[in-house]
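**Student:** Contents of upload-v6.tsv (TSV, C-alpha atoms and all ligand atoms) are given next:
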chain	number	residue	atom	x	y	z
L	1	MET	CA	47.62	42.11	84.53
L	2	LYS	CA	49.61	38.85	84.56
L	3	ALA	CA	46.86	37.10	86.51
L	4	ARG	CA	44.20	38.33	84.05
L	5	ILE	CA	46.29	37.08	81.06
L	6	GLU	CA	46.66	33.67	82.70
L	7	GLU	CA	42.92	33.57	83.44
L	8	LEU	CA	42.12	34.29	79.75
L	9	ARG	CA	44.59	31.63	78.56
L	10	LEU	CA	42.81	29.03	80.69
L	11	SER	CA	39.30	30.17	79.72
L	12	PHE	CA	40.31	30.08	76.01
L	13	LYS	CA	41.66	26.53	76.33
L	14	ALA	CA	38.46	25.45	78.06
L	15	ALA	CA	36.27	27.07	75.39
L	16	LEU	CA	38.31	25.44	72.60
L	17	ALA	CA	38.07	22.03	74.23
L	18	GLU	CA	34.25	22.38	74.23
L	19	CYS	CA	34.06	23.69	70.66
L	20	LYS	CA	32.18	21.32	68.29
L	21	SER	CA	31.87	23.15	65.00
L	22	GLY	CA	33.33	25.79	62.72
L	23	ALA	CA	30.48	28.13	63.67
L	24	GLU	CA	31.23	27.78	67.38
L	25	LEU	CA	34.93	28.33	66.64
L	26	GLU	CA	34.08	31.60	64.90
L	27	GLU	CA	32.18	32.75	68.00
L	28	ILE	CA	35.26	32.00	70.13
L	29	ARG	CA	37.50	33.85	67.68
L	30	ILE	CA	35.28	36.96	67.87
L	31	ALA	CA	35.14	36.74	71.68
L	32	TYR	CA	38.94	36.68	72.02
L	33	LEU	CA	40.36	38.32	68.89
L	34	GLY	CA	37.47	40.56	67.74
L	35	LYS	CA	37.53	44.38	67.92
L	36	LYS	CA	35.75	44.34	71.27
L	37	GLY	CA	37.21	41.00	72.35
L	38	HIS	CA	39.30	40.02	75.39
L	39	ILE	CA	42.67	40.74	73.73
L	40	ALA	CA	41.48	44.26	72.67
L	41	GLU	CA	40.31	44.80	76.27
L	42	LEU	CA	43.73	43.77	77.62
L	43	MET	CA	45.40	46.20	75.22
L	44	LYS	CA	43.18	49.02	76.48
L	45	GLY	CA	44.14	48.12	80.08
L	46	LEU	CA	47.84	48.65	79.25
L	47	ARG	CA	47.36	52.39	80.02
L	48	ASP	CA	47.16	51.62	83.71
L	49	VAL	CA	50.10	49.19	83.88
L	50	ALA	CA	53.55	50.28	85.08
L	51	ASP	CA	55.69	47.88	83.02
L	52	LYS	CA	53.98	48.38	79.68
L	53	LYS	CA	56.70	46.60	77.70
L	54	GLU	CA	56.55	43.33	79.63
L	55	ALA	CA	52.74	43.36	79.76
L	56	GLY	CA	52.54	44.12	76.00
L	57	GLN	CA	54.82	41.17	75.23
L	58	LEU	CA	52.66	38.87	77.39
L	59	ILE	CA	49.46	40.03	75.67
L	60	ASN	CA	51.02	39.56	72.21
L	61	GLY	CA	52.24	36.11	73.22
L	62	LEU	CA	48.70	35.12	74.28
L	63	LYS	CA	47.26	36.61	71.08
L	64	THR	CA	49.67	34.60	68.91
L	65	GLU	CA	48.87	31.42	70.87
L	66	ILE	CA	45.13	31.97	70.41
L	67	GLU	CA	45.49	32.73	66.66
L	68	ALA	CA	47.55	29.56	66.07
L	69	ALA	CA	45.15	27.38	68.08
L	70	ILE	CA	42.12	28.77	66.21
L	71	ALA	CA	43.82	28.25	62.80
L	72	GLU	CA	44.62	24.65	63.68
L	73	ALA	CA	41.09	23.93	64.93
L	74	ASP	CA	39.64	25.59	61.83
L	75	GLU	CA	41.76	23.33	59.59
L	76	GLN	CA	40.54	20.25	61.48
L	77	PHE	CA	36.88	21.21	61.11
L	78	LYS	CA	37.32	21.82	57.36
L	79	ARG	CA	39.05	18.48	56.84
L	80	ALA	CA	36.33	16.66	58.80
L	81	ALA	CA	33.64	18.35	56.66
L	82	ILE	CA	35.33	17.21	53.41
L	83	GLU	CA	35.72	13.68	54.74
L	84	ALA	CA	32.04	13.57	55.68
L	85	GLN	CA	31.10	14.81	52.20
L	86	VAL	CA	33.24	12.15	50.49
L	87	ARG	CA	31.76	9.45	52.75
L	88	SER	CA	28.19	10.45	51.92
L	89	ALA	CA	28.97	10.73	48.17
L	90	LYS	CA	30.81	7.43	47.96
L	91	LYS	CA	28.79	6.30	44.90
L	92	TYR	CA	30.25	8.92	42.60
L	93	ASN	CA	33.81	10.05	42.41
L	94	PRO	CA	34.56	12.14	39.32
L	95	THR	CA	38.30	11.64	39.72
L	96	LEU	CA	38.13	7.86	39.82
L	97	VAL	CA	39.68	6.17	36.77
L	98	THR	CA	37.41	3.42	35.38
L	99	GLU	CA	38.39	0.62	33.08
L	100	ARG	CA	35.02	0.43	31.30
L	101	GLU	CA	35.31	-0.30	27.57
L	102	LEU	CA	33.45	1.61	24.88
L	103	GLY	CA	30.59	-0.16	23.08
L	104	SER	CA	30.13	-0.52	19.36
L	105	TYR	CA	27.36	-0.34	16.79
L	106	HIS	CA	25.26	-3.45	16.31
L	107	PRO	CA	25.98	-5.18	12.97
L	108	ILE	CA	22.34	-4.68	11.93
L	109	THR	CA	22.77	-0.93	12.49
L	110	LEU	CA	25.93	-0.98	10.39
L	111	ALA	CA	24.24	-2.90	7.57
L	112	THR	CA	21.14	-0.67	7.70
L	113	ARG	CA	23.21	2.48	7.43
L	114	GLU	CA	25.15	1.10	4.51
L	115	VAL	CA	22.04	0.17	2.53
L	116	CYS	CA	20.42	3.52	3.40
L	117	ASP	CA	23.48	5.36	2.06
L	118	VAL	CA	23.25	3.49	-1.23
L	119	PHE	CA	19.58	4.38	-1.70
L	120	LEU	CA	19.98	7.96	-0.48
L	121	GLY	CA	22.54	8.35	-3.26
L	122	MET	CA	19.89	7.22	-5.75
L	123	GLY	CA	17.32	9.80	-4.64
L	124	PHE	CA	15.30	7.70	-2.17
L	125	THR	CA	14.08	9.09	1.15
L	126	VAL	CA	14.39	7.05	4.35
L	127	GLU	CA	11.12	6.66	6.25
L	128	ASN	CA	10.47	5.57	9.80
L	129	PHE	CA	7.47	3.41	10.59
L	130	ASP	CA	5.67	1.92	13.61
L	131	GLU	CA	6.25	-1.56	14.96
L	132	ILE	CA	2.64	-1.86	16.10
L	133	VAL	CA	0.21	-1.67	13.18
L	134	ASP	CA	-3.34	-2.73	12.41
L	135	ASP	CA	-4.76	-5.52	10.28
L	136	TYR	CA	-5.53	-3.13	7.44
L	137	GLN	CA	-1.95	-1.86	7.16
L	138	CYS	CA	-0.30	-5.27	7.51
L	139	PHE	CA	-2.68	-7.28	5.34
L	140	GLU	CA	-5.85	-5.79	3.87
L	141	ALA	CA	-4.24	-2.78	2.19
L	142	LEU	CA	-1.80	-5.25	0.62
L	143	ASN	CA	-4.48	-7.28	-1.11
L	144	ILE	CA	-4.48	-9.94	1.63
L	145	PRO	CA	-8.11	-10.06	2.80
L	146	LYS	CA	-9.19	-11.89	5.95
L	147	HIS	CA	-8.88	-15.67	5.62
L	148	HIS	CA	-6.49	-15.36	2.64
L	149	PRO	CA	-4.07	-18.33	2.74
L	150	ALA	CA	-1.08	-15.93	2.46
L	151	ARG	CA	-1.77	-14.94	6.07
L	152	ASP	CA	-0.67	-18.41	7.19
L	153	MET	CA	2.90	-17.54	6.21
L	154	GLN	CA	3.00	-14.59	8.57
L	155	ASP	CA	1.57	-15.39	11.98
L	156	THR	CA	2.44	-12.75	14.55
L	157	TYR	CA	1.78	-11.44	18.06
L	158	TYR	CA	-1.55	-9.72	18.65
L	159	LEU	CA	-2.43	-7.07	21.21
L	160	ASP	CA	-5.67	-7.14	23.19
L	161	ASN	CA	-6.96	-4.16	21.18
L	162	GLY	CA	-6.65	-6.07	17.88
L	163	GLN	CA	-3.43	-4.37	16.77
L	164	LEU	CA	-0.43	-6.50	15.95
L	165	LEU	CA	3.36	-6.47	15.71
L	166	LYS	CA	4.13	-5.97	12.03
L	167	THR	CA	5.24	-9.09	10.18
L	168	HIS	CA	6.86	-7.22	7.31
L	169	THR	CA	7.89	-3.70	6.38
L	170	SER	CA	5.34	-3.86	3.54
L	171	ALA	CA	2.86	-2.82	6.27
L	172	ALA	CA	4.05	0.76	5.74
L	173	GLN	CA	3.41	0.81	1.98
L	174	ASN	CA	-0.15	2.11	2.14
L	175	SER	CA	0.60	4.93	4.64
L	176	ILE	CA	3.62	6.08	2.68
L	177	MET	CA	1.72	6.14	-0.61
L	178	LYS	CA	-1.03	8.18	1.05
L	179	LYS	CA	1.52	10.50	2.64
L	180	TYR	CA	3.53	11.33	-0.50
L	181	GLY	CA	1.47	10.29	-3.51
L	182	ALA	CA	3.30	9.71	-6.81
L	183	PRO	CA	6.03	9.99	-8.00
L	184	LEU	CA	7.68	8.39	-5.01
L	185	ARG	CA	11.04	6.82	-4.06
L	186	ALA	CA	11.31	5.65	-0.47
L	187	ILE	CA	12.95	2.99	1.67
L	188	PHE	CA	11.78	2.09	5.15
L	189	PRO	CA	13.87	-0.15	7.38
L	190	GLY	CA	12.21	-1.66	10.44
L	191	ARG	CA	11.89	-4.44	12.95
L	192	CYS	CA	9.50	-7.27	12.07
L	193	PHE	CA	8.01	-10.03	14.16
L	194	ARG	CA	6.77	-13.51	13.32
L	195	ASN	CA	5.41	-16.21	15.51
L	196	GLU	CA	7.50	-19.04	14.10
L	197	SER	CA	10.16	-21.49	15.22
L	198	THR	CA	13.70	-20.25	15.00
L	199	ASP	CA	16.70	-21.88	13.33
L	200	ALA	CA	20.04	-20.73	11.90
L	201	CYS	CA	18.32	-18.49	9.32
L	202	HIS	CA	14.94	-17.71	10.97
L	203	GLU	CA	14.32	-15.43	13.94
L	204	ASN	CA	11.03	-14.37	15.53
L	205	THR	CA	12.33	-10.77	15.59
L	206	PHE	CA	14.34	-9.58	12.61
L	207	PHE	CA	14.86	-6.57	10.37
L	208	GLN	CA	13.70	-5.89	6.84
L	209	MET	CA	14.05	-2.90	4.57
L	210	GLU	CA	11.20	-2.12	2.25
L	211	GLY	CA	11.74	-0.09	-0.87
L	212	MET	CA	9.19	1.45	-3.23
L	213	MET	CA	9.57	3.37	-6.43
L	214	ILE	CA	6.46	4.70	-8.16
L	215	ASP	CA	6.60	6.82	-11.28
L	216	GLU	CA	5.57	6.87	-14.91
L	217	ASN	CA	6.92	3.97	-17.00
L	218	ILE	CA	8.51	2.00	-14.15
L	219	SER	CA	9.19	-1.56	-15.27
L	220	ILE	CA	10.91	-4.76	-14.19
L	221	SER	CA	14.17	-3.46	-15.74
L	222	ASN	CA	14.19	-0.61	-13.23
L	223	LEU	CA	13.62	-3.09	-10.42
L	224	ILE	CA	16.50	-5.32	-11.54
L	225	TYR	CA	18.82	-2.31	-11.96
L	226	PHE	CA	18.19	-1.06	-8.40
L	227	MET	CA	18.57	-4.53	-6.87
L	228	LYS	CA	21.87	-5.13	-8.68
L	229	THR	CA	23.26	-1.71	-7.74
L	230	MET	CA	22.31	-2.16	-4.09
L	231	LEU	CA	23.92	-5.61	-3.83
L	232	SER	CA	27.16	-4.67	-5.58
L	233	GLU	CA	27.53	-1.51	-3.44
L	234	VAL	CA	26.83	-3.30	-0.18
L	235	PHE	CA	29.02	-6.35	-0.80
L	236	GLN	CA	31.71	-4.54	-2.80
L	237	ARG	CA	32.32	-7.80	-4.67
L	238	ASP	CA	30.54	-10.00	-7.16
L	239	VAL	CA	27.77	-11.91	-5.43
L	240	LYS	CA	25.86	-14.67	-7.16
L	241	VAL	CA	22.12	-14.04	-7.08
L	242	ARG	CA	19.19	-15.72	-8.74
L	243	LEU	CA	15.76	-14.42	-9.56
L	244	ARG	CA	12.82	-16.80	-9.66
L	245	PRO	CA	9.08	-16.35	-9.71
L	246	GLY	CA	7.53	-15.80	-6.30
L	247	PHE	CA	3.98	-15.24	-5.11
L	248	PHE	CA	2.98	-12.29	-2.94
L	249	PRO	CA	-0.59	-10.96	-3.25
L	250	PHE	CA	0.69	-7.36	-3.30
L	251	VAL	CA	2.91	-7.66	-6.38
L	252	GLU	CA	2.31	-8.85	-9.93
L	253	PRO	CA	4.58	-10.27	-11.21
L	254	GLY	CA	6.48	-11.23	-8.07
L	255	PHE	CA	10.00	-12.59	-7.66
L	256	GLU	CA	12.20	-14.21	-5.10
L	257	LEU	CA	15.73	-12.86	-5.17
L	258	ASP	CA	18.10	-15.36	-3.53
L	259	ILE	CA	21.76	-14.92	-2.68
L	260	ASN	CA	24.38	-17.63	-2.96
L	261	CYS	CA	25.19	-18.63	0.64
L	262	ALA	CA	28.35	-16.79	1.71
L	263	ILE	CA	28.89	-19.16	4.63
L	264	CYS	CA	29.30	-22.38	2.59
L	265	GLY	CA	29.89	-20.88	-0.85
L	266	GLY	CA	26.78	-22.62	-2.16
L	267	GLU	CA	27.62	-26.15	-1.02
L	268	GLY	CA	24.84	-26.31	1.56
L	269	CYS	CA	24.99	-25.70	5.33
L	270	PRO	CA	22.58	-25.03	8.24
L	271	SER	CA	22.71	-21.25	7.53
L	272	CYS	CA	21.03	-21.82	4.13
L	273	LYS	CA	19.07	-24.92	5.15
L	274	ASN	CA	21.44	-26.98	2.98
L	275	SER	CA	20.16	-25.43	-0.25
L	276	GLY	CA	23.21	-23.28	-1.05
L	277	TRP	CA	20.87	-20.28	-1.49
L	278	LEU	CA	19.27	-17.87	0.95
L	279	GLU	CA	16.04	-15.99	0.28
L	280	LEU	CA	17.11	-12.39	0.63
L	281	CYS	CA	14.98	-9.86	-1.16
L	282	PRO	CA	11.59	-10.73	-2.62
L	283	CYS	CA	10.33	-8.06	-4.95
L	284	GLY	CA	7.94	-7.32	-7.79
L	285	MET	CA	5.77	-4.82	-9.59
L	286	ILE	CA	3.23	-3.32	-7.16
L	287	HIS	CA	-0.24	-4.79	-7.71
L	288	PRO	CA	-2.65	-2.20	-9.20
L	289	ARG	CA	-5.13	-2.87	-6.37
L	290	VAL	CA	-2.45	-1.92	-3.81
L	291	LEU	CA	-1.63	1.27	-5.72
L	292	GLU	CA	-5.33	2.19	-5.90
L	293	GLU	CA	-5.76	1.53	-2.16
L	294	GLY	CA	-2.88	3.97	-1.61
L	295	GLY	CA	-4.61	6.62	-3.73
L	296	ILE	CA	-2.25	6.31	-6.73
L	297	ASP	CA	-3.58	6.85	-10.27
L	298	THR	CA	-2.93	3.47	-11.93
L	299	GLU	CA	-3.62	4.84	-15.41
L	300	LYS	CA	-0.54	7.01	-15.07
L	301	TYR	CA	1.78	5.30	-12.62
L	302	THR	CA	3.38	1.93	-12.05
L	303	GLY	CA	5.93	0.94	-9.44
L	304	PHE	CA	8.10	-1.72	-7.94
L	305	ALA	CA	8.58	-2.79	-4.32
L	306	PHE	CA	11.07	-5.01	-2.56
L	307	GLY	CA	11.40	-6.40	0.97
L	308	LEU	CA	15.09	-6.86	1.76
L	309	GLY	CA	15.87	-9.22	4.66
L	310	LEU	CA	18.31	-6.92	6.45
L	311	THR	CA	19.25	-9.41	9.16
L	312	ARG	CA	20.03	-12.05	6.55
L	313	LEU	CA	21.99	-9.50	4.55
L	314	ALA	CA	24.10	-8.81	7.67
L	315	MET	CA	24.62	-12.60	8.05
L	316	MET	CA	25.95	-12.85	4.51
L	317	LYS	CA	27.98	-9.64	4.65
L	318	TYR	CA	29.74	-10.39	7.94
L	319	GLY	CA	29.81	-14.19	7.72
L	320	VAL	CA	27.55	-14.78	10.74
L	321	LYS	CA	26.53	-18.45	10.63
L	322	ASP	CA	23.56	-18.30	12.97
L	323	ILE	CA	20.97	-15.50	12.77
L	324	ARG	CA	20.18	-15.94	16.48
L	325	ASP	CA	23.59	-14.48	17.39
L	326	PHE	CA	22.30	-11.02	16.47
L	327	ASN	CA	19.68	-10.96	19.24
L	328	SER	CA	21.76	-12.93	21.73
L	329	GLY	CA	23.26	-9.86	23.39
L	330	SER	CA	26.54	-11.81	23.49
L	331	LEU	CA	29.33	-9.26	23.90
L	332	LYS	CA	31.82	-11.83	22.69
L	333	SER	CA	30.12	-11.89	19.27
L	334	LEU	CA	29.08	-8.25	19.07
L	335	SER	CA	32.41	-6.74	20.16
L	336	GLN	CA	33.94	-8.13	16.96
L	337	PHE	CA	32.20	-5.30	15.07
L	338	LYS	CA	34.04	-2.55	16.96
L	339	SER	CA	36.53	-1.85	14.24
L	340	ILE	CA	33.90	-1.58	11.46
U	401	LIG	C1	7.87	-10.45	2.78
U	401	LIG	O1	7.94	-10.16	3.98
U	401	LIG	C2	7.34	-9.46	1.79
U	401	LIG	N1	6.71	-8.38	2.45
U	401	LIG	C3	8.48	-8.99	0.90
U	401	LIG	C4	8.08	-8.24	-0.34
U	401	LIG	C5	8.06	-6.85	-0.30
U	401	LIG	C6	7.73	-8.92	-1.50
U	401	LIG	C7	7.70	-6.13	-1.43
U	401	LIG	C8	7.39	-8.21	-2.60
U	401	LIG	C9	7.38	-6.83	-2.59
U	401	LIG	P1	9.09	-12.72	3.07
U	401	LIG	O2	8.18	-13.29	4.07
U	401	LIG	O3	9.66	-13.68	2.09
U	401	LIG	O4	8.39	-11.53	2.26
U	401	LIG	O5	10.28	-11.95	3.80
U	401	LIG	C10	11.17	-11.16	3.10
U	401	LIG	C11	12.61	-11.41	3.55
U	401	LIG	O6	12.67	-11.17	4.94
U	401	LIG	C12	13.05	-12.86	3.37
U	401	LIG	O7	13.56	-13.10	2.09
U	401	LIG	C13	14.13	-12.96	4.42
U	401	LIG	O8	15.34	-12.42	3.94
U	401	LIG	C14	13.58	-12.10	5.51
U	401	LIG	N2	12.85	-12.92	6.51
U	401	LIG	C15	11.60	-13.38	6.47
U	401	LIG	N3	11.29	-14.11	7.55
U	401	LIG	C16	12.39	-14.10	8.33
U	401	LIG	C17	12.73	-14.66	9.59
U	401	LIG	N4	11.85	-15.35	10.31
U	401	LIG	N5	13.96	-14.44	10.08
U	401	LIG	C18	14.85	-13.69	9.38
U	401	LIG	N6	14.61	-13.13	8.20
U	401	LIG	C19	13.40	-13.33	7.66
Write the structure described by the file as structure tokens, please.
**Tutor:**
Amino acid sequence: MKARIEELRLSFKAALAECKSGAELEEIRIAYLGKKGHIAELMKGLRDVADKKEAGQLINGLKTEIEAAIAEADEQFKRAAIEAQVRSAKKYNPTLVTERELGSYHPITLATREVCDVFLGMGFTVENFDEIVDDYQCFEALNIPKHHPARDMQDTYYLDNGQLLKTHTSAAQNSIMKKYGAPLRAIFPGRCFRNESTDACHENTFFQMEGMMIDENISISNLIYFMKTMLSEVFQRDVKVRLRPGFFPFVEPGFELDINCAICGGEGCPSCKNSGWLELCPCGMIHPRVLEEGGIDTEKYTGFAFGLGLTRLAMMKYGVKDIRDFNSGSLKSLSQFKSI
């Protein structure tokens, strides 16, 4: 019996030394410790042994040795498997603490939301509109036929298929009139594009917010009331504005609404091209031809429209001297809006 126990001890050690995986280890465990394994066989053989007590102690000693060795090997295989997993998944560690800072809303987003809130409170709906439009939407439906000199003011970027990047949010007027008919109160913020040189108050990509109100008996007084309310709500302080005649083929009469430059207080600086005033929100009574083109009954309805320069409004509201900062992607500038 002693010789057989010694033989099994050696064969177990040899098998363990050759073992390369958890699965192989399990096979060894079954072979030695399983119901029909070597240890069980030794126990059965005890019947024929004279000194059962001594032989039983030797078998139990071997069994304990084998159990401990298998447990240790099992632990090593498991640890190695985890290490291999971590090595192969080195790109993502859910427990790793990162120092990444949170972002913030862009100042144009903040300004847009604020103006939208003001108009929502006055019963306007907020409409979304495409950035790519066609010639009809951007010009013809707005009483700007081909070769009209007003087109010179708004050169843009054309696609091969003849479509273009919209130069102003007025490009949505016709579609919105056709969609809702009259009466109508809507604002539509959006990105606009112009092929022009940039300076402190001109960008080639900027935001406007169009507004339209069409109903019975709408007059210039309504227009002035809504413009005043919007500006006082957005700035939360008295801002000096001036209204002067302006020409746009899609309104009659038309006005330019300028804001006193908040950067220099009206003294003149690069942000206002040294005039002390910044063109902010042209507006006017919608031209009857534009209403008709939108399917509105001009015998019954009149309306006003305005085209607020949202990017310029954000300049004046937040004291940004150069409009180009907004598109610069400079985190140093943009992170200043985190607390707003
Ligand atoms: C228009 O775009 C007209 N569609 C506005 C309008 C709507 C008039 C409805 C009447 C009725 P204008 O080209 O002036 O007009 O632009 C309107 C405003 O957009 C300007 O006052 C200015 O605040 C802003 N804006 C225009 N061009 C630029 C630019 N290159 N960079 C930044 N802001 C600009």
**Student:** For range 222-232 of chain L, find every residue with an atom within 8 Å (counting all atoms listed in the file), except residues of its own chain fewer than 2 positions away, and show them as a list in words.
**Tutor:** Val115, Val118, Phe119, Ile218, Ser219, Ile220, Val234, Phe235, Gln236, Arg237, Asp238, Val239, Gly284, Phe304 and Ala305 of chain L
**Student:** All residues within 8 Å of ligand LIG 401 (chain U) are required, counting all atoms listed in the file; please report them as a compact mmCIF listing (two decimals) with C-alpha atoms, in the frame of the given file.
**Tutor:**
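Everything below was put into out.txt:
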# COMPACT_ATOMS: atom_id res chain seq x y z
CA MET L 153 2.90 -17.54 6.21
CA GLN L 154 3.00 -14.59 8.57
CA THR L 167 5.24 -9.09 10.18
CA HIS L 168 6.86 -7.22 7.31
CA THR L 169 7.89 -3.70 6.38
CA SER L 170 5.34 -3.86 3.54
CA ALA L 171 2.86 -2.82 6.27
CA PHE L 193 8.01 -10.03 14.16
CA ARG L 194 6.77 -13.51 13.32
CA GLU L 196 7.50 -19.04 14.10
CA THR L 198 13.70 -20.25 15.00
CA CYS L 201 18.32 -18.49 9.32
CA HIS L 202 14.94 -17.71 10.97
CA GLU L 203 14.32 -15.43 13.94
CA ASN L 204 11.03 -14.37 15.53
CA THR L 205 12.33 -10.77 15.59
CA PHE L 206 14.34 -9.58 12.61
CA PHE L 207 14.86 -6.57 10.37
CA GLN L 208 13.70 -5.89 6.84
CA GLU L 210 11.20 -2.12 2.25
CA GLY L 211 11.74 -0.09 -0.87
CA MET L 212 9.19 1.45 -3.23
CA PHE L 248 2.98 -12.29 -2.94
CA PHE L 250 0.69 -7.36 -3.30
CA VAL L 251 2.91 -7.66 -6.38
CA GLY L 254 6.48 -11.23 -8.07
CA PHE L 255 10.00 -12.59 -7.66
CA GLU L 256 12.20 -14.21 -5.10
CA LEU L 257 15.73 -12.86 -5.17
CA ASP L 258 18.10 -15.36 -3.53
CA LEU L 278 19.27 -17.87 0.95
CA GLU L 279 16.04 -15.99 0.28
CA LEU L 280 17.11 -12.39 0.63
CA CYS L 281 14.98 -9.86 -1.16
CA PRO L 282 11.59 -10.73 -2.62
CA CYS L 283 10.33 -8.06 -4.95
CA GLY L 284 7.94 -7.32 -7.79
CA MET L 285 5.77 -4.82 -9.59
CA ILE L 286 3.23 -3.32 -7.16
CA PHE L 304 8.10 -1.72 -7.94
CA ALA L 305 8.58 -2.79 -4.32
CA PHE L 306 11.07 -5.01 -2.56
CA GLY L 307 11.40 -6.40 0.97
CA LEU L 308 15.09 -6.86 1.76
CA GLY L 309 15.87 -9.22 4.66
CA LEU L 310 18.31 -6.92 6.45
CA THR L 311 19.25 -9.41 9.16
CA ARG L 312 20.03 -12.05 6.55
CA LEU L 313 21.99 -9.50 4.55
CA ILE L 323 20.97 -15.50 12.77
**Student:** Given all atoms listed in the file as the basis, pick out the residue of L:Ser328, L:His38, L:Glu18, L:Lys166 nearest to Tyr136 in chain L.
**Tutor:** L:Lys166
**Student:** What is the CA of Arg9 in chain L to CA of Glu65 in chain L distance in Å?
**Tutor:**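 Here the two named atoms are 8.8 Å from each other.
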**Student:** Have a look at L:Lys300, L:His147, L:Arg242, L:Lys321 and name the one nearest to Cys264 in chain L; count all atoms listed in the file.
**Tutor:**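 Among the listed residues, the smallest separation from Cys264 in chain L belongs to L:Lys321.
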**Student:** Residues near Thr302 in chain L, anyone? I mean within 10 Å using all atoms listed in the file, not counting same-chain ones fewer than 3 positions away, as a ChimeraX atom specification.
**Tutor:** /L:182-183,213-219,285-288,291,296-299
**Student:** Take CA of Ser275 in chain L and CA of Ile263 in chain L and report the distance between them in Å, one decimal.
**Tutor:**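 Taking CA of Ser275 in chain L as the start and CA of Ile263 in chain L as the end point, the length is 11.8 Å.
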**Student:** Return the single residue from L:Glu252, L:Asp152, L:Glu233, L:Ser330 that is closest to Met122 in chain L, with distances computed using all atoms listed in the file.
**Tutor:**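 Among L:Glu252, L:Asp152, L:Glu233, L:Ser330, it is L:Glu233 that comes nearest to Met122 in chain L.
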**Student:** Rounded to one decimal in Å, what is the spacing between CA of Glu267 in chain L and CA of Met316 in chain L?
**Tutor:**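 Going from CA of Glu267 in chain L over to CA of Met316 in chain L, I get 14.5 Å.
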**Student:** Near Asp130 in chain L, counting only C-alpha atoms, which residues have an atom at most 9 Å away, once you skip same-chain residues fewer than 5 positions from it, shown as number ranges by chain?
**Tutor:** L: 165-166, 172, 190-191
**Student:** Compare L:Arg185, L:Thr156, L:Tyr318, L:Met1 by their minimum atom-to-atom distance to Ala50 in chain L, counting all atoms listed in the file, and give me the closest one.
**Tutor:**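 Looking only at the distances to Ala50 in chain L, the closest residue turns out to be L:Met1.
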**Student:** Select, from L:Lys78, L:Lys273, L:His106, L:Lys2, the residue with the minimum atom-to-atom distance to Gly45 in chain L, counting only C-alpha atoms.
**Tutor:**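 Answer, going by the shortest atom-to-atom distance: L:Lys2.
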**Student:** Quick one: residues within 12 Å of Cys19 in chain L, all atoms listed in the file counted, chain neighbours fewer than 2 positions away excluded, as a list in words?
**Tutor:**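 Surrounding residues, per the criterion: Phe12, Lys13, Ala14, Ala15, Leu16, Ala17, Ser21, Gly22, Ala23, Glu24, Leu25, Glu26, Glu27, Ile28, Arg29, Ala69, Ile70, Ala73, Asp74, Gln76 and Phe77 of chain L.
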**Student:** Report, as AutoDock Vina command-line options, the centre and edge lengths in Å (one decimal) of the axis-aligned box enclosing every listed atom of range 12-15 of chain L, padded by 5 Å on each side.
**Tutor:**
--center_x 39.0 --center_y 27.8 --center_z 76.7 --size_x 15.4 --size_y 14.6 --size_z 12.7
**Student:** Set the distance at 9 Å and use only C-alpha atoms: which residues neighbour Pro249 in chain L once local chain neighbours fewer than 6 positions away are removed? I'd like the list as a ChimeraX atom specification.
**Tutor:** /L:142-144,150,287
**Student:** Using only C-alpha atoms, please write the residues we just selected to a file, as an mmCIF file, in the frame of the given file.
**Tutor:**
data_model
loop_
_atom_site.group_PDB
_atom_site.id
_atom_site.type_symbol
_atom_site.label_atom_id
_atom_site.label_comp_id
_atom_site.auth_asym_id
_atom_site.auth_seq_id
_atom_site.Cartn_x
_atom_site.Cartn_y
_atom_site.Cartn_z
ATOM 1 C CA LEU L 142 -1.800 -5.250 0.620
ATOM 2 C CA ASN L 143 -4.480 -7.280 -1.110
ATOM 3 C CA ILE L 144 -4.480 -9.940 1.630
ATOM 4 C CA ALA L 150 -1.080 -15.930 2.460
ATOM 5 C CA HIS L 287 -0.240 -4.790 -7.710
#
**Student:** Looking at only C-alpha atoms, which of L:Leu110, L:Ala141, L:Ala71, L:Tyr301 is the one that sits closest to Leu184 in chain L?
**Tutor:**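 Result for the nearest residue to Leu184 in chain L: L:Tyr301.
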